[in-house]
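Engineer: Okay, so here is run.cif, and as you'll see once you scroll down, it has mmCIF, C-alpha atoms and all ligand atoms.
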```cif
data_my_file
loop_
_atom_site.label_atom_id
_atom_site.label_comp_id
_atom_site.auth_asym_id
_atom_site.auth_seq_id
_atom_site.Cartn_x
_atom_site.Cartn_y
_atom_site.Cartn_z
CA MET A 232 9.29 44.49 0.03
CA VAL A 233 6.75 42.04 1.47
CA SER A 234 3.34 43.50 2.30
CA ASP A 235 1.84 43.13 5.79
CA ALA A 236 -0.89 40.90 4.37
CA ALA A 237 1.68 38.65 2.69
CA LEU A 238 3.75 38.52 5.88
CA ASP A 239 0.65 37.57 7.88
CA ALA A 240 -0.14 34.86 5.35
CA MET A 241 3.43 33.50 5.57
CA GLN A 242 3.33 33.42 9.36
CA ASN A 243 -0.08 31.75 9.38
CA ASN A 244 1.24 29.29 6.88
CA LYS A 245 4.10 28.36 9.17
CA ALA A 246 1.67 27.82 12.02
CA ILE A 247 -0.24 25.28 9.94
CA ASP A 248 0.95 21.69 10.32
CA GLN A 249 3.01 20.63 7.31
CA TYR A 250 2.94 17.17 5.71
CA ALA A 251 4.26 15.89 2.40
CA VAL A 252 4.87 12.87 0.24
CA VAL A 253 8.46 12.37 -0.91
CA GLY A 254 9.75 10.17 -3.71
CA ASN A 255 11.47 10.11 -7.08
CA PRO A 256 9.60 10.56 -9.36
CA ILE A 257 6.80 12.34 -7.48
CA ALA A 258 4.87 14.44 -10.02
CA HIS A 259 2.32 11.64 -10.52
CA SER A 260 1.53 11.28 -6.80
CA LYS A 261 -2.13 11.47 -5.84
CA SER A 262 -1.40 11.74 -2.12
CA PRO A 263 -1.91 15.55 -1.95
CA ILE A 264 -5.41 15.20 -3.46
CA ILE A 265 -6.26 12.42 -1.02
CA HIS A 266 -4.95 14.11 2.12
CA THR A 267 -6.46 17.47 1.21
CA GLN A 268 -9.84 15.75 0.88
CA PHE A 269 -9.31 13.96 4.22
CA ALA A 270 -8.42 17.27 5.93
CA LYS A 271 -11.52 18.96 4.54
CA GLN A 272 -13.76 16.06 5.46
CA THR A 273 -12.45 15.81 9.05
CA GLN A 274 -12.09 19.60 9.46
CA GLN A 275 -8.38 19.37 10.20
CA THR A 276 -6.18 22.33 9.32
CA LEU A 277 -3.01 21.21 7.56
CA HIS A 278 -0.94 21.55 4.39
CA TYR A 279 0.09 18.50 2.39
CA ASN A 280 2.55 18.90 -0.50
CA LYS A 281 4.67 16.68 -2.70
CA GLN A 282 8.44 16.93 -2.72
CA LEU A 283 10.92 15.46 -5.16
CA ILE A 284 14.07 14.12 -3.49
CA ALA A 285 17.20 13.44 -5.51
CA ARG A 286 18.67 9.96 -5.06
CA GLY A 287 21.30 10.23 -2.33
CA ASP A 288 19.59 13.22 -0.64
CA PHE A 289 16.93 11.41 1.38
CA LYS A 290 18.55 11.79 4.80
CA LYS A 291 19.52 15.43 4.23
CA ASP A 292 16.15 16.53 2.86
CA VAL A 293 14.03 14.64 5.38
CA THR A 294 16.15 15.91 8.28
CA ALA A 295 15.59 19.46 6.95
CA PHE A 296 11.82 18.85 6.61
CA PHE A 297 11.47 17.90 10.28
CA ALA A 298 13.97 20.57 11.44
CA GLU A 299 11.76 23.18 9.77
CA GLY A 300 8.75 22.01 11.78
CA GLY A 301 7.27 19.36 9.44
CA LYS A 302 4.94 16.93 11.22
CA GLY A 303 4.82 13.90 8.98
CA LEU A 304 5.78 12.36 5.65
CA ASN A 305 4.60 9.69 3.29
CA ILE A 306 7.41 7.88 1.56
CA THR A 307 7.17 6.35 -1.87
CA VAL A 308 9.50 4.65 -4.36
CA PRO A 309 12.50 4.40 -4.09
CA PHE A 310 12.93 5.56 -0.49
CA LYS A 311 10.89 3.14 1.65
CA GLU A 312 13.97 1.28 2.87
CA GLU A 313 15.90 4.48 3.56
CA ALA A 314 12.91 5.71 5.55
CA PHE A 315 13.02 2.46 7.52
CA HIS A 316 16.60 3.28 8.54
CA PHE A 317 15.81 6.96 9.13
CA ALA A 318 13.05 6.31 11.68
CA THR A 319 14.13 6.37 15.31
CA VAL A 320 11.25 4.11 16.40
CA LEU A 321 9.50 1.44 14.30
CA THR A 322 6.10 -0.21 14.59
CA GLN A 323 6.15 -4.00 14.62
CA ARG A 324 4.54 -4.18 11.19
CA ALA A 325 7.20 -1.83 9.76
CA GLN A 326 9.93 -4.02 11.26
CA LEU A 327 8.41 -7.07 9.59
CA ALA A 328 7.93 -5.28 6.26
CA GLY A 329 11.50 -3.95 6.31
CA ALA A 330 10.07 -0.74 4.83
CA VAL A 331 8.35 2.45 5.95
CA ASN A 332 5.74 4.49 4.06
CA THR A 333 4.88 6.88 6.91
CA LEU A 334 7.07 8.98 9.19
CA ALA A 335 5.49 10.82 12.10
CA LEU A 336 7.06 13.32 14.47
CA GLN A 337 6.35 12.27 18.05
CA ALA A 338 5.85 14.53 21.08
CA ASP A 339 9.29 13.58 22.45
CA GLY A 340 11.00 14.55 19.17
CA SER A 341 11.52 10.99 17.94
CA ILE A 342 10.43 10.00 14.44
CA LEU A 343 8.09 7.01 14.26
CA GLY A 344 8.27 4.82 11.15
CA ASP A 345 5.22 2.80 10.15
CA THR A 346 3.91 1.01 7.10
CA THR A 347 0.22 1.35 6.35
CA ASP A 348 0.13 -0.49 2.99
CA GLY A 349 -0.99 -3.78 4.52
CA VAL A 350 -3.80 -2.37 6.64
CA GLY A 351 -4.81 -0.32 3.60
CA LEU A 352 -5.07 -3.46 1.50
CA VAL A 353 -7.00 -5.39 4.15
CA ARG A 354 -9.42 -2.52 4.64
CA ASP A 355 -10.02 -2.26 0.91
CA LEU A 356 -10.49 -6.02 0.55
CA LYS A 357 -13.11 -5.94 3.30
CA ASN A 358 -14.74 -2.87 1.77
CA HIS A 359 -15.23 -4.88 -1.43
CA HIS A 360 -16.43 -8.02 0.39
CA PHE A 361 -13.43 -10.25 -0.33
CA THR A 362 -13.16 -13.21 2.03
CA LEU A 363 -10.12 -13.36 4.32
CA LYS A 364 -11.12 -15.08 7.56
CA GLY A 365 -10.98 -18.83 7.01
CA ALA A 366 -10.24 -18.27 3.30
CA ARG A 367 -7.73 -19.81 0.94
CA VAL A 368 -5.73 -16.83 -0.30
CA LEU A 369 -3.32 -16.87 -3.23
CA ILE A 370 -0.80 -14.04 -3.54
CA LEU A 371 1.17 -13.67 -6.76
CA GLY A 372 4.57 -12.01 -6.37
CA ALA A 373 7.14 -11.86 -3.59
CA GLY A 374 8.68 -8.39 -3.86
CA GLY A 375 8.58 -5.43 -1.48
CA ALA A 376 4.89 -4.76 -2.10
CA VAL A 377 3.90 -8.27 -1.02
CA ARG A 378 6.25 -8.34 1.95
CA GLY A 379 4.55 -5.17 3.22
CA VAL A 380 1.06 -6.71 3.32
CA LEU A 381 1.60 -10.24 4.62
CA GLU A 382 1.36 -9.66 8.35
CA PRO A 383 -1.96 -7.74 8.24
CA ILE A 384 -3.41 -10.39 5.89
CA LEU A 385 -2.33 -13.22 8.19
CA ALA A 386 -3.81 -11.31 11.14
CA GLU A 387 -7.23 -11.81 9.49
CA GLN A 388 -6.81 -15.57 10.11
CA PRO A 389 -7.13 -16.99 6.60
CA HIS A 390 -7.20 -20.78 6.41
CA GLU A 391 -4.12 -20.66 4.20
CA VAL A 392 -1.96 -18.15 2.30
CA VAL A 393 -0.02 -19.40 -0.72
CA ILE A 394 2.66 -17.11 -2.17
CA ALA A 395 3.56 -17.95 -5.76
CA ASN A 396 6.40 -16.19 -7.50
CA ARG A 397 8.47 -16.38 -10.69
CA THR A 398 11.57 -16.68 -8.49
CA LEU A 399 10.60 -19.41 -6.04
CA SER A 400 13.42 -18.66 -3.55
CA LYS A 401 11.97 -15.19 -2.85
CA ALA A 402 8.52 -16.63 -2.13
CA GLN A 403 10.13 -19.27 0.08
CA GLN A 404 12.00 -16.63 2.01
CA LEU A 405 8.81 -14.68 2.70
CA ALA A 406 6.94 -17.82 3.74
CA ASP A 407 9.76 -18.66 6.20
CA THR A 408 9.77 -15.13 7.65
CA PHE A 409 6.00 -14.95 8.12
CA LYS A 410 5.42 -18.56 9.32
CA PRO A 411 5.06 -17.47 12.95
CA TYR A 412 2.04 -15.34 11.96
CA GLY A 413 -0.12 -17.93 10.23
CA ASN A 414 -0.47 -20.81 7.79
CA ILE A 415 1.63 -19.62 4.87
CA HIS A 416 3.65 -21.45 2.26
CA ALA A 417 5.35 -20.84 -1.07
CA CYS A 418 5.22 -22.38 -4.52
CA ALA A 419 6.35 -21.71 -8.07
CA PHE A 420 3.75 -20.51 -10.60
CA ILE A 421 3.88 -23.83 -12.41
CA ALA A 422 3.09 -25.71 -9.18
CA LEU A 423 -0.36 -24.07 -9.07
CA THR A 424 -1.53 -26.83 -11.42
CA GLN A 425 -0.85 -29.45 -8.75
CA GLU A 426 -3.83 -31.29 -7.33
CA GLN A 427 -3.70 -29.65 -3.91
CA TYR A 428 -4.43 -26.26 -5.53
CA LEU A 429 -7.09 -27.37 -7.99
CA THR A 430 -9.90 -26.88 -5.47
CA GLY A 431 -9.33 -23.15 -6.10
CA PHE A 432 -8.87 -20.01 -4.00
CA ASP A 433 -11.36 -17.63 -2.39
CA THR A 434 -9.19 -14.57 -2.91
CA VAL A 435 -6.42 -14.09 -5.47
CA ILE A 436 -4.20 -11.01 -5.12
CA ASN A 437 -1.81 -9.93 -7.85
CA GLY A 438 1.14 -8.30 -6.09
CA THR A 439 3.55 -8.62 -9.02
CA SER A 440 4.61 -5.55 -10.96
CA ALA A 441 3.88 -7.38 -14.25
CA SER A 442 0.94 -5.05 -15.08
CA LEU A 443 3.36 -2.11 -15.26
CA ASN A 444 4.55 -3.54 -18.58
CA GLY A 445 1.11 -4.74 -19.60
CA ASP A 446 2.15 -8.33 -18.75
CA LEU A 447 0.35 -11.09 -16.93
CA PRO A 448 2.01 -13.31 -14.34
CA PRO A 449 2.23 -16.71 -16.08
CA VAL A 450 -0.35 -18.60 -14.00
CA THR A 451 -3.02 -21.02 -15.09
CA ALA A 452 -6.71 -20.08 -15.01
CA SER A 453 -7.29 -23.13 -12.79
CA ILE A 454 -6.63 -20.80 -9.83
CA PHE A 455 -10.13 -19.41 -10.44
CA ALA A 456 -11.87 -22.30 -12.11
CA ALA A 457 -13.03 -24.35 -9.16
CA LYS A 458 -14.89 -21.62 -7.25
CA LYS A 459 -17.70 -19.41 -8.43
CA THR A 460 -17.02 -17.00 -5.57
CA THR A 461 -13.36 -16.25 -6.14
CA GLY A 462 -12.45 -12.57 -5.98
CA ALA A 463 -9.49 -11.13 -7.92
CA TYR A 464 -7.58 -8.11 -6.61
CA ASP A 465 -4.75 -6.27 -8.35
CA MET A 466 -2.52 -4.10 -6.17
CA MET A 467 -1.89 -2.00 -9.30
CA TYR A 468 -4.57 0.31 -10.70
CA GLY A 469 -5.31 2.22 -13.87
CA PRO A 470 -8.06 4.03 -15.77
CA THR A 471 -9.35 0.69 -17.10
CA LEU A 472 -9.20 -2.89 -15.81
CA THR A 473 -5.59 -4.00 -15.38
CA PRO A 474 -4.44 -6.86 -17.65
CA PHE A 475 -4.68 -9.21 -14.66
CA LEU A 476 -8.26 -8.23 -13.83
CA GLU A 477 -9.26 -8.40 -17.49
CA TRP A 478 -7.86 -11.91 -17.64
CA ALA A 479 -9.67 -12.86 -14.41
CA GLN A 480 -12.91 -11.52 -15.87
CA ILE A 481 -12.48 -13.56 -19.05
CA ASN A 482 -12.07 -16.58 -16.78
CA GLY A 483 -15.38 -16.02 -15.04
CA VAL A 484 -14.43 -13.92 -11.98
CA SER A 485 -17.00 -11.24 -11.20
CA LEU A 486 -15.51 -9.67 -8.06
CA LEU A 487 -12.72 -7.58 -9.60
CA THR A 488 -10.99 -4.77 -7.71
CA ASP A 489 -7.88 -2.74 -8.46
CA GLY A 490 -5.52 -1.09 -5.98
CA LEU A 491 -6.92 2.45 -6.05
CA GLY A 492 -8.87 1.83 -2.85
CA MET A 493 -5.73 0.38 -1.27
CA LEU A 494 -3.90 3.62 -2.10
CA VAL A 495 -6.63 5.70 -0.44
CA SER A 496 -6.94 3.35 2.53
CA GLN A 497 -3.20 3.31 3.27
CA ALA A 498 -3.34 7.12 3.14
CA ALA A 499 -6.25 7.06 5.60
CA ALA A 500 -4.22 4.95 8.03
CA SER A 501 -1.30 7.43 7.76
CA PHE A 502 -3.72 10.31 8.34
CA GLU A 503 -5.06 8.59 11.45
CA LEU A 504 -1.54 8.06 12.76
CA TRP A 505 -0.77 11.77 12.36
CA ARG A 506 -4.11 13.34 13.31
CA GLY A 507 -5.83 10.75 15.53
CA VAL A 508 -8.92 10.66 13.31
CA MET A 509 -9.76 8.06 10.67
CA PRO A 510 -11.23 9.58 7.51
CA GLU A 511 -13.88 7.97 5.34
CA VAL A 512 -12.29 6.64 2.12
CA ASN A 513 -15.03 6.37 -0.50
CA THR A 514 -15.23 10.08 -1.36
CA ALA A 515 -11.49 10.42 -2.10
CA THR A 516 -11.57 7.16 -4.09
CA GLU A 517 -14.43 8.51 -6.21
CA ILE A 518 -12.59 11.80 -6.78
CA LEU A 519 -9.51 9.92 -8.03
CA ARG A 520 -11.55 7.51 -10.11
CA ASN A 521 -13.17 10.44 -11.95
CA GLU A 522 -9.97 12.39 -12.47
CA PRO A 523 -9.18 13.09 -16.13
P1 LIG B 1 7.50 -4.14 -5.71
O1 LIG B 1 8.08 -3.15 -4.76
O2 LIG B 1 6.46 -3.57 -6.64
O3 LIG B 1 7.05 -5.39 -5.03
P2 LIG B 1 9.76 -5.64 -6.58
O4 LIG B 1 10.24 -5.78 -5.18
O5 LIG B 1 10.74 -5.36 -7.66
O6 LIG B 1 8.68 -4.50 -6.71
O7 LIG B 1 8.96 -6.99 -6.94
C1 LIG B 1 8.33 -7.17 -8.16
C2 LIG B 1 7.55 -8.48 -8.15
O8 LIG B 1 6.87 -8.65 -9.39
C3 LIG B 1 8.42 -9.72 -7.97
O9 LIG B 1 7.68 -10.71 -7.32
C4 LIG B 1 8.68 -10.11 -9.44
O10 LIG B 1 9.03 -11.47 -9.62
P3 LIG B 1 10.56 -11.95 -9.36
O11 LIG B 1 10.76 -11.99 -7.88
O12 LIG B 1 10.66 -13.29 -9.98
O13 LIG B 1 11.42 -10.91 -10.05
C5 LIG B 1 7.32 -9.86 -10.01
N1 LIG B 1 7.29 -9.64 -11.48
C6 LIG B 1 7.70 -8.54 -12.16
N2 LIG B 1 7.48 -8.69 -13.48
C7 LIG B 1 6.89 -9.92 -13.65
C8 LIG B 1 6.39 -10.64 -14.77
N3 LIG B 1 6.46 -10.15 -16.02
N4 LIG B 1 5.86 -11.87 -14.54
C9 LIG B 1 5.79 -12.36 -13.30
N5 LIG B 1 6.24 -11.73 -12.20
C10 LIG B 1 6.77 -10.52 -12.36
#
```
Mind turning the file's structure into C-alpha cells?
Ligand code: ATR
Structural biologist:
Amino acid sequence: MVSDAALDAMQNNKAIDQYAVVGNPIAHSKSPIIHTQFAKQTQQTLHYNKQLIARGDFKKDVTAFFAEGGKGLNITVPFKEEAFHFATVLTQRAQLAGAVNTLALQADGSILGDTTDGVGLVRDLKNHHFTLKGARVLILGAGGAVRGVLEPILAEQPHEVVIANRTLSKAQQLADTFKPYGNIHACAFIALTQEQYLTGFDTVINGTSASLNGDLPPVTASIFAAKKTTGAYDMMYGPTLTPFLEWAQINGVSLLTDGLGMLVSQAAASFELWRGVMPEVNTATEILRNEP
C-alpha cells in the first residue's frame, strides 16, 4: 500500500520535467552532476537522470522516454548516429556533423536533434583565451569528434584550419565536406614537417582518441616550435594532464587545456536549448575538477 505522502511525491515527480543522458556504458557519465548544478544555479525545476540503453534498443527506449512525458535527452557513445536518424527535425550543424548529442521535445510534438559539442568547444577555447579569429588552427584526428566541431570552429573565421590524421583519406573527406564554410585543408601527420607548416600554429587541438590508450598522435614538435603563443587543447580530459598536453608542455607550450570545460559547455548549450536560459559554466567545471 502506497502512503498518501508517497503518492503525492510520485505525482509531483511526474509533474517535474524529466531529462536524461543515454548511452552504453553510462555509469561514468557526469552529465547528471552538471545539469543538476545548472538547474540549481538557474532556479529551474527539473530531474536529470542517466539511463543505460542496450545496443539495439535505442529507438524503443527513446520512444518510450518521450511517450512517458520526457522533455529532452543527451546522447552519448555509441548512439549519436542513431539519434541523428531518430530526430524528426535537425539543426544545420547536426546535419553537417552527421550526429546528434541533444534531443528536445518541441511544442508541436516533433523531436529536434542538435549537436552542441562544437559550440561547447568554441566556448571553452574562448574561455581559456585561445585564438581562433584570424588564427592558424591545427586539428589532429578526423573521426566523429572532429567532424562534430568543424563548422563552429570555421564560423569563428580562422585564417586556416589544417586537419591532420593517421588515415589521410578521412581528413581529406572532412576537408572536402567543410570547404564551403572556410579555409580548410587536410594533410598526413608526416606532412606537418613540410616548410609551409614550419611557421607554426596558434591553436593546436588534439581530437584523436589516442590519449584513451595513453598514446600520442605521432606528430613532430615543430607544430609548436615556431610560436611562443601556441595554445594546446585536448578534447579528452583526465585527473592529470593528458599525454598530449604533457608532451606539449615539455615542448614549451604554456596554454594547456583539456576537454572538461568542453564537456560542461556542450551541456550548457543543451540546457539552453531545453530551458531557454544559458547557465554559467565555471562552477560546474570546478565541481567536476575537484571530484574524487
Ligand atoms: P571519435 O568519435 O572519438 O572521434 P573515432 O571516430 O573512432 O572516434 O575517431 C578516432 C580518431 O582518433 C581518428 O582520427 C583516429 O585516426 P584514424 O582515422 O587513422 O583511425 C584517431 N586515432 C586513434 N588512435 C590513434 C593513435 N594511436 N594515433 C593517432 N591517431 C589515432
Engineer: Which one is closest to ligand LIG 1 (chain B): A:Ser501, A:Gln480, A:Thr346, A:Asn396? Count only C-alpha atoms and all ligand atoms.
Structural biologist: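 The answer is A:Asn396, which sits nearest to ligand LIG 1 (chain B).
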Engineer: Mind checking which residues fall within 7 Å of range 415-420 of chain A, counting only C-alpha atoms, ignoring those fewer than 6 positions away in the same chain, and posting them as a list in words?
Structural biologist: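 The filter keeps Glu391, Val392, Val393, Ile394, Ala395, Asn396, Arg397, Leu399, Ala402, Gln403, Ala406, Pro449 and Val450 of chain A.
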Engineer: Quick one: contact table of chain A to ligand LIG 1 (chain B), 6 Å max, nearest atom pair and distance in Å to one decimal per residue, counting all atoms listed in the file, chain and number order, as JSON lines?
Structural biologist:
```
{"residue": "A:Gly372", "atom": "CA", "partner": "B:LIG1", "partner_atom": "O9", "distance": 3.5}
{"residue": "A:Ala373", "atom": "CA", "partner": "B:LIG1", "partner_atom": "O9", "distance": 3.9}
{"residue": "A:Gly374", "atom": "CA", "partner": "B:LIG1", "partner_atom": "O4", "distance": 3.3}
{"residue": "A:Gly375", "atom": "CA", "partner": "B:LIG1", "partner_atom": "O3", "distance": 3.9}
{"residue": "A:Ala376", "atom": "CA", "partner": "B:LIG1", "partner_atom": "O3", "distance": 3.7}
{"residue": "A:Val377", "atom": "CA", "partner": "B:LIG1", "partner_atom": "O3", "distance": 5.9}
{"residue": "A:Asn396", "atom": "CA", "partner": "B:LIG1", "partner_atom": "O9", "distance": 5.6}
{"residue": "A:Arg397", "atom": "CA", "partner": "B:LIG1", "partner_atom": "O12", "distance": 3.9}
{"residue": "A:Thr398", "atom": "CA", "partner": "B:LIG1", "partner_atom": "O12", "distance": 3.8}
{"residue": "A:Thr439", "atom": "CA", "partner": "B:LIG1", "partner_atom": "O8", "distance": 3.3}
{"residue": "A:Ser440", "atom": "CA", "partner": "B:LIG1", "partner_atom": "O8", "distance": 4.1}
{"residue": "A:Ala441", "atom": "CA", "partner": "B:LIG1", "partner_atom": "N2", "distance": 3.9}
{"residue": "A:Asp446", "atom": "CA", "partner": "B:LIG1", "partner_atom": "N3", "distance": 5.4}
{"residue": "A:Pro448", "atom": "CA", "partner": "B:LIG1", "partner_atom": "C9", "distance": 4.0}
```
Engineer: Can you pull out the residues contacting Phe310 in chain A? Cut-off 9 Å, using only C-alpha atoms, and skip same-chain residues under 6 positions away; I want them as a list of chain:residue names.
Structural biologist: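 Skipping anything fewer than 6 positions along the chain leaves A:Val253, A:Gly254, A:Asn255, A:Arg286, A:Phe289, A:Ala330, A:Val331, A:Asn332.
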Engineer: Could you tell me which of A:Pro256, A:Pro510, A:Gly379, A:Pro411 comes closest to Gln268 in chain A if we count all atoms listed in the file?
Structural biologist: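 With all atoms listed in the file as the atom set, the closest residue is A:Pro510.
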Engineer: Quick one: residues within 12 Å of (-10.2, 1.5, -15.8) (file frame), counting all atoms listed in the file, please, as a ChimeraX atom specification.
Structural biologist: /A:467-474,476-477,487-491,519-523
Engineer: Can you write just those residues out, C-alpha atoms, as a tab-separated table (two decimals), in the frame of the given file?
Structural biologist:
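Writing done, so here's selection37.tsv:
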```tsv
chain	number	residue	atom	x	y	z
A	467	MET	CA	-1.89	-2.00	-9.30
A	468	TYR	CA	-4.57	0.31	-10.70
A	469	GLY	CA	-5.31	2.22	-13.87
A	470	PRO	CA	-8.06	4.03	-15.77
A	471	THR	CA	-9.35	0.69	-17.10
A	472	LEU	CA	-9.20	-2.89	-15.81
A	473	THR	CA	-5.59	-4.00	-15.38
A	474	PRO	CA	-4.44	-6.86	-17.65
A	476	LEU	CA	-8.26	-8.23	-13.83
A	477	GLU	CA	-9.26	-8.40	-17.49
A	487	LEU	CA	-12.72	-7.58	-9.60
A	488	THR	CA	-10.99	-4.77	-7.71
A	489	ASP	CA	-7.88	-2.74	-8.46
A	490	GLY	CA	-5.52	-1.09	-5.98
A	491	LEU	CA	-6.92	2.45	-6.05
A	519	LEU	CA	-9.51	9.92	-8.03
A	520	ARG	CA	-11.55	7.51	-10.11
A	521	ASN	CA	-13.17	10.44	-11.95
A	522	GLU	CA	-9.97	12.39	-12.47
A	523	PRO	CA	-9.18	13.09	-16.13
```
Engineer: Return the single residue from A:Gly300, A:Gly287, A:Gly431, A:Pro309 that is closest to Ile247 in chain A, with distances computed using only C-alpha atoms.
Structural biologist: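 Using only C-alpha atoms, Ile247 in chain A sits closest to A:Gly300.
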Engineer: With all atoms listed in the file as the basis for distance, which of A:Leu443, A:Ile284, A:Ile454, A:Val353 is at the shortest distance from Glu426 in chain A?
Structural biologist: A:Ile454
Engineer: Would you mind listing what lies within 12 Å of Ala258 in chain A as a ChimeraX atom specification, with only C-alpha atoms counted and same-chain residues fewer than 4 positions away left out?
Structural biologist: /A:252-254,262-263,280-284,307
Engineer: Copy range 416-471 of chain A out of the block into a file, keeping C-alpha atoms, as an mmCIF file, in the first residue's frame.
Structural biologist:
```
data_model
loop_
_atom_site.group_PDB
_atom_site.id
_atom_site.type_symbol
_atom_site.label_atom_id
_atom_site.label_comp_id
_atom_site.auth_asym_id
_atom_site.auth_seq_id
_atom_site.Cartn_x
_atom_site.Cartn_y
_atom_site.Cartn_z
ATOM 1 C CA HIS A 416 42.615 21.545 -45.865
ATOM 2 C CA ALA A 417 43.972 18.128 -44.959
ATOM 3 C CA CYS A 418 47.399 16.572 -44.570
ATOM 4 C CA ALA A 419 49.064 13.449 -43.215
ATOM 5 C CA PHE A 420 50.902 13.684 -39.872
ATOM 6 C CA ILE A 421 54.244 13.318 -41.609
ATOM 7 C CA ALA A 422 53.469 16.281 -43.896
ATOM 8 C CA LEU A 423 53.472 18.620 -40.869
ATOM 9 C CA THR A 424 57.259 18.808 -41.261
ATOM 10 C CA GLN A 425 56.856 20.478 -44.651
ATOM 11 C CA GLU A 426 58.037 24.061 -44.960
ATOM 12 C CA GLN A 427 54.564 25.571 -45.264
ATOM 13 C CA TYR A 428 53.756 24.369 -41.723
ATOM 14 C CA LEU A 429 57.038 25.244 -40.057
ATOM 15 C CA THR A 430 55.898 28.777 -39.220
ATOM 16 C CA GLY A 431 53.751 27.069 -36.555
ATOM 17 C CA PHE A 432 50.130 27.195 -35.403
ATOM 18 C CA ASP A 433 48.304 29.494 -32.985
ATOM 19 C CA THR A 434 45.985 26.777 -31.714
ATOM 20 C CA VAL A 435 46.548 23.012 -31.806
ATOM 21 C CA ILE A 436 43.605 20.762 -30.922
ATOM 22 C CA ASN A 437 44.021 17.055 -30.297
ATOM 23 C CA GLY A 438 40.793 15.415 -31.444
ATOM 24 C CA THR A 439 42.234 11.904 -31.770
ATOM 25 C CA SER A 440 41.268 9.208 -29.303
ATOM 26 C CA ALA A 441 44.957 8.282 -28.862
ATOM 27 C CA SER A 442 45.001 9.504 -25.216
ATOM 28 C CA LEU A 443 42.448 6.823 -24.318
ATOM 29 C CA ASN A 444 45.274 4.298 -24.624
ATOM 30 C CA GLY A 445 47.880 6.640 -23.203
ATOM 31 C CA ASP A 446 49.254 7.196 -26.734
ATOM 32 C CA LEU A 447 50.350 10.325 -28.528
ATOM 33 C CA PRO A 448 49.439 11.104 -32.122
ATOM 34 C CA PRO A 449 52.757 10.732 -33.998
ATOM 35 C CA VAL A 450 53.375 14.396 -34.830
ATOM 36 C CA THR A 451 56.561 16.403 -34.691
ATOM 37 C CA ALA A 452 57.106 19.073 -32.032
ATOM 38 C CA SER A 453 57.713 21.561 -34.862
ATOM 39 C CA ILE A 454 53.945 22.228 -34.758
ATOM 40 C CA PHE A 455 54.625 24.233 -31.585
ATOM 41 C CA ALA A 456 58.207 25.305 -32.050
ATOM 42 C CA ALA A 457 57.858 28.427 -34.144
ATOM 43 C CA LYS A 458 55.386 30.322 -31.935
ATOM 44 C CA LYS A 459 55.706 31.264 -28.307
ATOM 45 C CA THR A 460 51.954 31.850 -28.116
ATOM 46 C CA THR A 461 50.673 28.497 -29.325
ATOM 47 C CA GLY A 462 47.895 27.004 -27.205
ATOM 48 C CA ALA A 463 47.351 23.231 -26.956
ATOM 49 C CA TYR A 464 43.880 21.804 -26.344
ATOM 50 C CA ASP A 465 42.982 18.143 -25.825
ATOM 51 C CA MET A 466 39.345 17.181 -26.363
ATOM 52 C CA MET A 467 39.961 14.351 -23.875
ATOM 53 C CA TYR A 468 40.331 15.045 -20.149
ATOM 54 C CA GLY A 469 41.540 13.295 -17.034
ATOM 55 C CA PRO A 470 42.597 13.861 -13.426
ATOM 56 C CA THR A 471 46.085 14.880 -14.601
#
```
